[in-house]
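Trainee: Next up, work14.cif (mmCIF, C-alpha atoms).
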data_input
loop_
_atom_site.label_atom_id
_atom_site.label_comp_id
_atom_site.auth_asym_id
_atom_site.auth_seq_id
_atom_site.Cartn_x
_atom_site.Cartn_y
_atom_site.Cartn_z
CA MET A 1 47.83 87.86 92.65
CA ASN A 2 47.77 90.94 90.39
CA ASN A 3 50.73 92.04 88.26
CA GLY A 4 51.52 94.99 90.56
CA THR A 5 51.83 92.74 93.60
CA ALA A 6 53.95 90.22 91.66
CA GLY A 7 56.24 93.01 90.44
CA ARG A 8 56.76 94.36 93.94
CA LYS A 9 57.47 90.86 95.24
CA GLY A 10 60.07 90.27 92.53
CA LYS A 11 61.87 93.52 93.38
CA ASP A 12 61.79 92.72 97.10
CA GLU A 13 63.28 89.28 96.46
CA LYS A 14 66.12 90.80 94.43
CA LYS A 15 66.90 93.32 97.18
CA THR A 16 66.94 90.53 99.77
CA GLU A 17 69.19 88.43 97.53
CA ILE A 18 71.73 91.24 97.17
CA LYS A 19 71.76 91.95 100.91
CA SER A 20 72.13 88.27 101.79
CA GLY A 21 75.47 88.00 100.02
CA MET A 22 74.95 86.71 96.46
CA PRO A 23 77.50 88.78 94.53
CA TYR A 24 77.44 86.64 91.37
CA GLU A 25 73.76 87.38 90.82
CA LYS A 26 74.36 91.05 91.64
CA PHE A 27 77.14 91.12 89.05
CA MET A 28 74.84 89.65 86.39
CA ARG A 29 72.18 92.29 87.05
CA LEU A 30 74.24 95.39 87.76
CA GLY A 31 77.77 94.76 86.45
CA PRO A 32 81.15 94.68 88.27
CA GLY A 33 81.13 98.38 89.10
CA ALA A 34 78.22 97.86 91.50
CA LEU A 35 80.16 95.33 93.61
CA SER A 36 82.14 96.16 96.73
CA GLU A 37 85.72 94.92 97.07
CA ALA A 38 84.55 92.17 99.42
CA GLU A 39 81.92 91.09 96.89
CA LEU A 40 84.46 91.01 94.05
CA LEU A 41 86.71 88.81 96.19
CA ALA A 42 83.69 86.65 97.05
CA ILE A 43 83.23 85.78 93.39
CA ILE A 44 86.84 84.54 93.30
CA ILE A 45 86.41 82.69 96.62
CA ARG A 46 83.09 81.28 95.36
CA THR A 47 82.06 79.12 98.34
CA GLY A 48 81.78 79.89 102.03
CA THR A 49 81.62 77.88 105.22
CA PRO A 50 78.65 77.00 107.45
CA GLU A 51 79.60 80.03 109.58
CA ARG A 52 80.59 82.58 106.91
CA THR A 53 79.40 83.63 103.48
CA PRO A 54 81.93 84.21 100.67
CA VAL A 55 81.42 87.96 101.15
CA GLU A 56 82.30 87.70 104.84
CA ILE A 57 85.42 85.72 103.95
CA GLY A 58 86.30 88.37 101.36
CA GLN A 59 85.94 91.01 104.06
CA GLN A 60 88.39 89.05 106.23
CA VAL A 61 90.91 89.19 103.38
CA LEU A 62 90.49 92.97 103.26
CA GLU A 63 91.20 93.11 107.02
CA LEU A 64 94.63 91.47 106.71
CA PRO A 65 97.27 93.97 107.95
CA SER A 66 98.99 94.66 104.61
CA VAL A 67 95.64 95.06 102.82
CA LYS A 68 94.28 97.40 105.52
CA LYS A 69 97.44 99.47 105.19
CA GLU A 70 97.69 99.63 101.37
CA GLY A 71 94.22 98.75 100.12
CA LEU A 72 93.96 96.16 97.36
CA ASN A 73 97.62 96.75 96.50
CA GLY A 74 98.37 94.97 99.76
CA LEU A 75 97.35 91.69 98.09
CA HIS A 76 100.81 91.72 96.50
CA HIS A 77 102.34 91.39 99.97
CA VAL A 78 99.91 88.87 101.45
CA THR A 79 101.35 85.36 101.49
CA VAL A 80 99.53 82.19 100.53
CA LYS A 81 99.90 81.04 104.14
CA GLU A 82 98.25 84.23 105.47
CA LEU A 83 95.32 83.66 103.15
CA MET A 84 95.03 80.01 104.12
CA ASP A 85 94.92 81.01 107.78
CA ILE A 86 91.47 82.44 107.04
CA LYS A 87 88.82 79.77 107.58
CA GLY A 88 87.19 79.03 104.24
CA ILE A 89 90.30 79.71 102.13
CA GLY A 90 92.32 76.68 101.09
CA GLU A 91 95.37 76.49 98.87
CA VAL A 92 93.41 76.71 95.60
CA LYS A 93 91.50 79.84 96.66
CA ALA A 94 94.67 81.44 98.04
CA VAL A 95 96.49 80.84 94.76
CA LYS A 96 93.56 82.32 92.82
CA ILE A 97 93.69 85.51 94.90
CA LYS A 98 97.47 85.82 94.39
CA CYS A 99 96.98 85.27 90.64
CA LEU A 100 94.38 88.05 90.66
CA ALA A 101 96.97 90.43 92.14
CA GLU A 102 99.54 89.37 89.53
CA LEU A 103 97.07 89.88 86.69
CA SER A 104 96.25 93.39 87.92
CA MET A 105 99.96 94.26 87.96
CA ARG A 106 100.49 92.94 84.43
CA MET A 107 97.45 94.85 83.15
CA ALA A 108 98.84 98.07 84.63
CA MET A 109 102.21 97.40 82.96
CA LEU A 110 100.57 96.82 79.58
CA THR A 111 98.77 100.16 79.87
CA ALA A 112 102.02 101.93 80.79
CA LYS A 113 103.92 100.21 77.96
CA LYS A 114 101.88 102.08 75.34
CA GLY A 115 103.53 105.35 76.38
CA LEU A 116 106.97 103.92 77.14
CA ARG A 117 109.81 106.11 75.86
CA PHE A 118 113.28 105.68 77.32
CA SER A 119 114.04 109.34 76.64
CA ALA A 120 111.21 110.29 79.02
CA PRO A 121 111.87 109.37 82.69
CA SER A 122 108.21 109.60 83.65
CA SER A 123 107.18 106.99 81.07
CA VAL A 124 109.95 104.62 82.20
CA ALA A 125 108.90 105.07 85.84
CA ASP A 126 105.25 104.45 84.95
CA TYR A 127 106.11 101.22 83.18
CA TYR A 128 108.24 99.77 85.99
CA MET A 129 106.19 101.21 88.87
CA GLU A 130 103.76 98.31 89.32
CA ARG A 131 106.50 95.75 88.91
CA LEU A 132 108.86 97.22 91.50
CA ARG A 133 106.92 99.23 94.06
CA HIS A 134 105.51 96.12 95.74
CA GLU A 135 108.92 94.45 96.17
CA GLN A 136 110.13 94.04 99.76
CA ARG A 137 113.83 94.03 98.80
CA GLU A 138 115.80 96.37 96.58
CA GLN A 139 116.19 95.20 93.01
CA VAL A 140 118.59 96.83 90.59
CA LEU A 141 117.80 96.62 86.88
CA LEU A 142 120.17 97.50 84.07
CA LEU A 143 118.41 98.63 80.89
CA LEU A 144 120.54 98.20 77.76
CA LEU A 145 119.74 100.72 75.02
CA ASP A 146 120.63 101.00 71.35
CA ILE A 147 121.73 104.15 69.57
CA ARG A 148 118.10 105.30 69.21
CA ASN A 149 117.28 104.68 72.88
CA GLY A 150 115.43 101.49 72.02
CA LEU A 151 115.55 98.62 74.50
CA LEU A 152 118.08 95.90 73.61
CA GLY A 153 117.59 94.01 76.85
CA GLU A 154 117.16 94.13 80.58
CA GLU A 155 119.29 92.53 83.29
CA LEU A 156 118.57 92.04 86.98
CA LEU A 157 121.91 92.99 88.52
CA SER A 158 121.20 92.44 92.18
CA ILE A 159 118.60 91.76 94.82
CA GLY A 160 119.47 93.33 98.13
CA THR A 161 118.13 93.36 101.64
CA VAL A 162 115.42 95.74 102.80
CA LYS A 163 118.12 98.33 103.57
CA ASN A 164 120.55 98.10 100.68
CA SER A 165 121.59 96.35 97.51
CA LEU A 166 124.90 95.28 96.03
CA LEU A 167 125.89 96.80 92.69
CA SER A 168 129.14 96.19 90.85
CA PRO A 169 130.16 98.81 88.23
CA ARG A 170 132.30 96.10 86.62
CA GLU A 171 129.26 93.86 86.14
CA VAL A 172 127.34 96.80 84.66
CA PHE A 173 129.85 97.38 81.87
CA VAL A 174 130.67 93.74 81.22
CA THR A 175 126.95 93.24 80.58
CA ALA A 176 126.73 96.41 78.47
CA LEU A 177 129.70 95.39 76.30
CA GLN A 178 128.32 91.90 75.76
CA ALA A 179 125.03 93.40 74.57
CA ARG A 180 126.83 96.02 72.44
CA ALA A 181 124.75 98.69 74.13
CA ALA A 182 125.10 102.30 73.01
CA GLY A 183 123.76 103.55 76.35
CA ILE A 184 122.55 102.26 79.69
CA MET A 185 119.96 103.15 82.28
CA LEU A 186 119.82 102.07 85.92
CA LEU A 187 116.57 101.48 87.74
CA HIS A 188 115.97 100.35 91.30
CA ASN A 189 113.29 100.44 93.96
CA HIS A 190 113.22 101.67 97.54
CA PRO A 191 111.05 99.31 99.62
CA SER A 192 110.41 102.16 102.06
CA GLY A 193 108.35 103.87 99.35
CA ASP A 194 110.52 107.01 99.48
CA PRO A 195 112.54 107.43 96.25
CA THR A 196 114.95 109.99 97.74
CA PRO A 197 118.48 108.83 96.78
CA SER A 198 120.83 107.71 99.53
CA PHE A 199 124.47 108.75 99.69
CA GLN A 200 125.37 105.34 98.24
CA ASP A 201 122.90 105.85 95.37
CA VAL A 202 124.52 109.16 94.47
CA GLU A 203 128.04 107.78 94.81
CA VAL A 204 127.51 104.69 92.63
CA THR A 205 125.66 106.77 90.02
CA GLU A 206 128.58 109.17 89.76
CA THR A 207 131.03 106.26 89.44
CA ILE A 208 129.05 104.58 86.67
CA LYS A 209 128.56 107.90 84.90
CA GLU A 210 132.32 108.53 84.86
CA ILE A 211 133.18 105.01 83.65
CA GLY A 212 130.44 105.22 81.01
CA SER A 213 131.84 108.48 79.68
CA MET A 214 135.32 106.94 79.33
CA MET A 215 133.93 103.82 77.60
CA ASP A 216 131.54 105.75 75.34
CA ILE A 217 128.56 103.94 76.90
CA PRO A 218 126.77 106.85 78.60
CA LEU A 219 124.52 106.48 81.61
CA ILE A 220 121.27 107.96 80.30
CA ASP A 221 119.49 108.03 83.65
CA HIS A 222 119.17 106.41 87.05
CA ILE A 223 115.56 106.16 88.21
CA ILE A 224 114.54 105.23 91.75
CA ILE A 225 111.05 103.80 92.17
CA GLY A 226 109.08 104.54 95.35
CA ASP A 227 105.43 103.97 96.16
CA ASN A 228 103.60 105.67 93.29
CA LYS A 229 106.43 108.19 92.96
CA TYR A 230 109.89 108.21 91.50
CA MET A 231 113.14 110.17 91.36
CA SER A 232 115.13 110.66 88.14
CA PHE A 233 118.79 111.73 88.34
CA LYS A 234 118.39 113.18 84.84
CA GLU A 235 115.35 115.28 85.76
CA ALA A 236 117.06 116.41 88.97
CA GLY A 237 120.07 117.65 86.98
CA LEU A 238 122.43 115.16 88.63
CA LEU A 239 123.64 113.62 85.35
#
Could you rewrite the structure in this file as structure tokens?
Mentor:
Amino acid sequence: MNNGTAGRKGKDEKKTEIKSGMPYEKFMRLGPGALSEAELLAIIIRTGTPERTPVEIGQQVLELPSVKKEGLNGLHHVTVKELMDIKGIGEVKAVKIKCLAELSMRMAMLTAKKGLRFSAPSSVADYYMERLRHEQREQVLLLLLDIRNGLLGEELLSIGTVKNSLLSPREVFVTALQARAAGIMLLHNHPSGDPTPSFQDVEVTETIKEIGSMMDIPLIDHIIIGDNKYMSFKEAGLL
């Protein structure tokens, strides 16, 4: 066999290997950017079944309802049980996939943290976006700030239902006084993805603003997190 024939054969074998579902080898030759989402998942899944390759199992993960609706961000909403319902995914593989989603969220938060300034609503929203926009229930965070708008601490005040949350102005200021905060900021998510404030949001914000003014612990802002968008009471001129 001459060198030309051997070279062509080698290239043909590599093409066949890539098409037959060997994403690890494809990664080693071409890098992660060359892999499809199903192939990237296949590397995490690692082994298949007699009926399905790891790539085919990865494709089944991508066809789960929440993933089809939201893309890879839907992995945050997929349960371990849903993953284990796919033939070829046991508990260990399901946990690995959920850990992958958690790592991606934490990486996004680290990137946003570099530009975090509590005087800039957009930077605060960017930082908390990945943490809150995937939550299925409303969560209300109280950010406790020092005199220079530095973060003294953060408290989870309430976890509500899909439709509403419970927030006590008394608890807000008891917590603020205990931390000796010079200012406070409220932050909560809307599971619907729409950050438009409800009547209750406006009402409780006004109440906390008034109490804060009397106690010399001003409400700096109230930010509502939606799906890749936010609403700031400060930016909207409502504070």
Trainee: For Ala176 (chain A), which residue out of A:Asp194, A:Asp201, A:Glu70, A:Asp216 is the nearest one, using all atoms listed in the file?
Mentor: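 Nearest candidate to Ala176 (chain A) out of A:Asp194, A:Asp201, A:Glu70, A:Asp216: A:Asp216.
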Trainee: Enumerate, as an mmCIF file with C-alpha atoms, keeping the file's coordinate frame, the residues matched when the PyMOL selection byres ((chain A and resi 88-102) around 7) is run on the file above.
Mentor:
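Produced file expr-v3.cif, reproduced below:
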data_model
loop_
_atom_site.group_PDB
_atom_site.id
_atom_site.type_symbol
_atom_site.label_atom_id
_atom_site.label_comp_id
_atom_site.auth_asym_id
_atom_site.auth_seq_id
_atom_site.Cartn_x
_atom_site.Cartn_y
_atom_site.Cartn_z
ATOM 1 C CA ILE A 45 86.410 82.690 96.620
ATOM 2 C CA GLY A 48 81.780 79.890 102.030
ATOM 3 C CA THR A 49 81.620 77.880 105.220
ATOM 4 C CA ILE A 57 85.420 85.720 103.950
ATOM 5 C CA LEU A 75 97.350 91.690 98.090
ATOM 6 C CA HIS A 76 100.810 91.720 96.500
ATOM 7 C CA VAL A 80 99.530 82.190 100.530
ATOM 8 C CA LEU A 83 95.320 83.660 103.150
ATOM 9 C CA MET A 84 95.030 80.010 104.120
ATOM 10 C CA ILE A 86 91.470 82.440 107.040
ATOM 11 C CA LYS A 87 88.820 79.770 107.580
ATOM 12 C CA LEU A 103 97.070 89.880 86.690
ATOM 13 C CA SER A 104 96.250 93.390 87.920
ATOM 14 C CA MET A 105 99.960 94.260 87.960
ATOM 15 C CA ARG A 106 100.490 92.940 84.430
#
Trainee: What does the distance between CA of Glu39 (chain A) and CA of Met107 (chain A) come to in Å, to one decimal place?
Mentor: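 Between these atoms lies a distance of 21.1 Å.
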Trainee: Let me know the residues the PyMOL selection byres ((chain A and resi 227) around 6) catches in the file above, as a list in words.
Mentor: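 What the PyMOL selection byres ((chain A and resi 227) around 6) grabs from the file is Arg133, Gly193, Gly226, Asn228 and Lys229 of chain A.
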Trainee: Please indicate the distance in Å from CA of Ser122 (chain A) to CA of Arg170 (chain A), rounded to one decimal place.
Mentor: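 Calculated distance between CA of Ser122 (chain A) and CA of Arg170 (chain A) is 27.8 Å.
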Trainee: Please list as a ChimeraX atom specification every residue within 8 Å of region 142-159 of chain A, counting only C-alpha atoms and excluding residues in the same chain fewer than 6 positions away.
Mentor: /A:118-119,165-167,171-172,176,179,181-187
Trainee: Report as number ranges by chain all protein, DNA and RNA residues lying within 10 Å of Gly74 (chain A), evaluated on all atoms listed in the file, omitting residues in the same chain fewer than 2 positions from it.
Mentor: A: 62, 64-72, 76-78, 101, 134
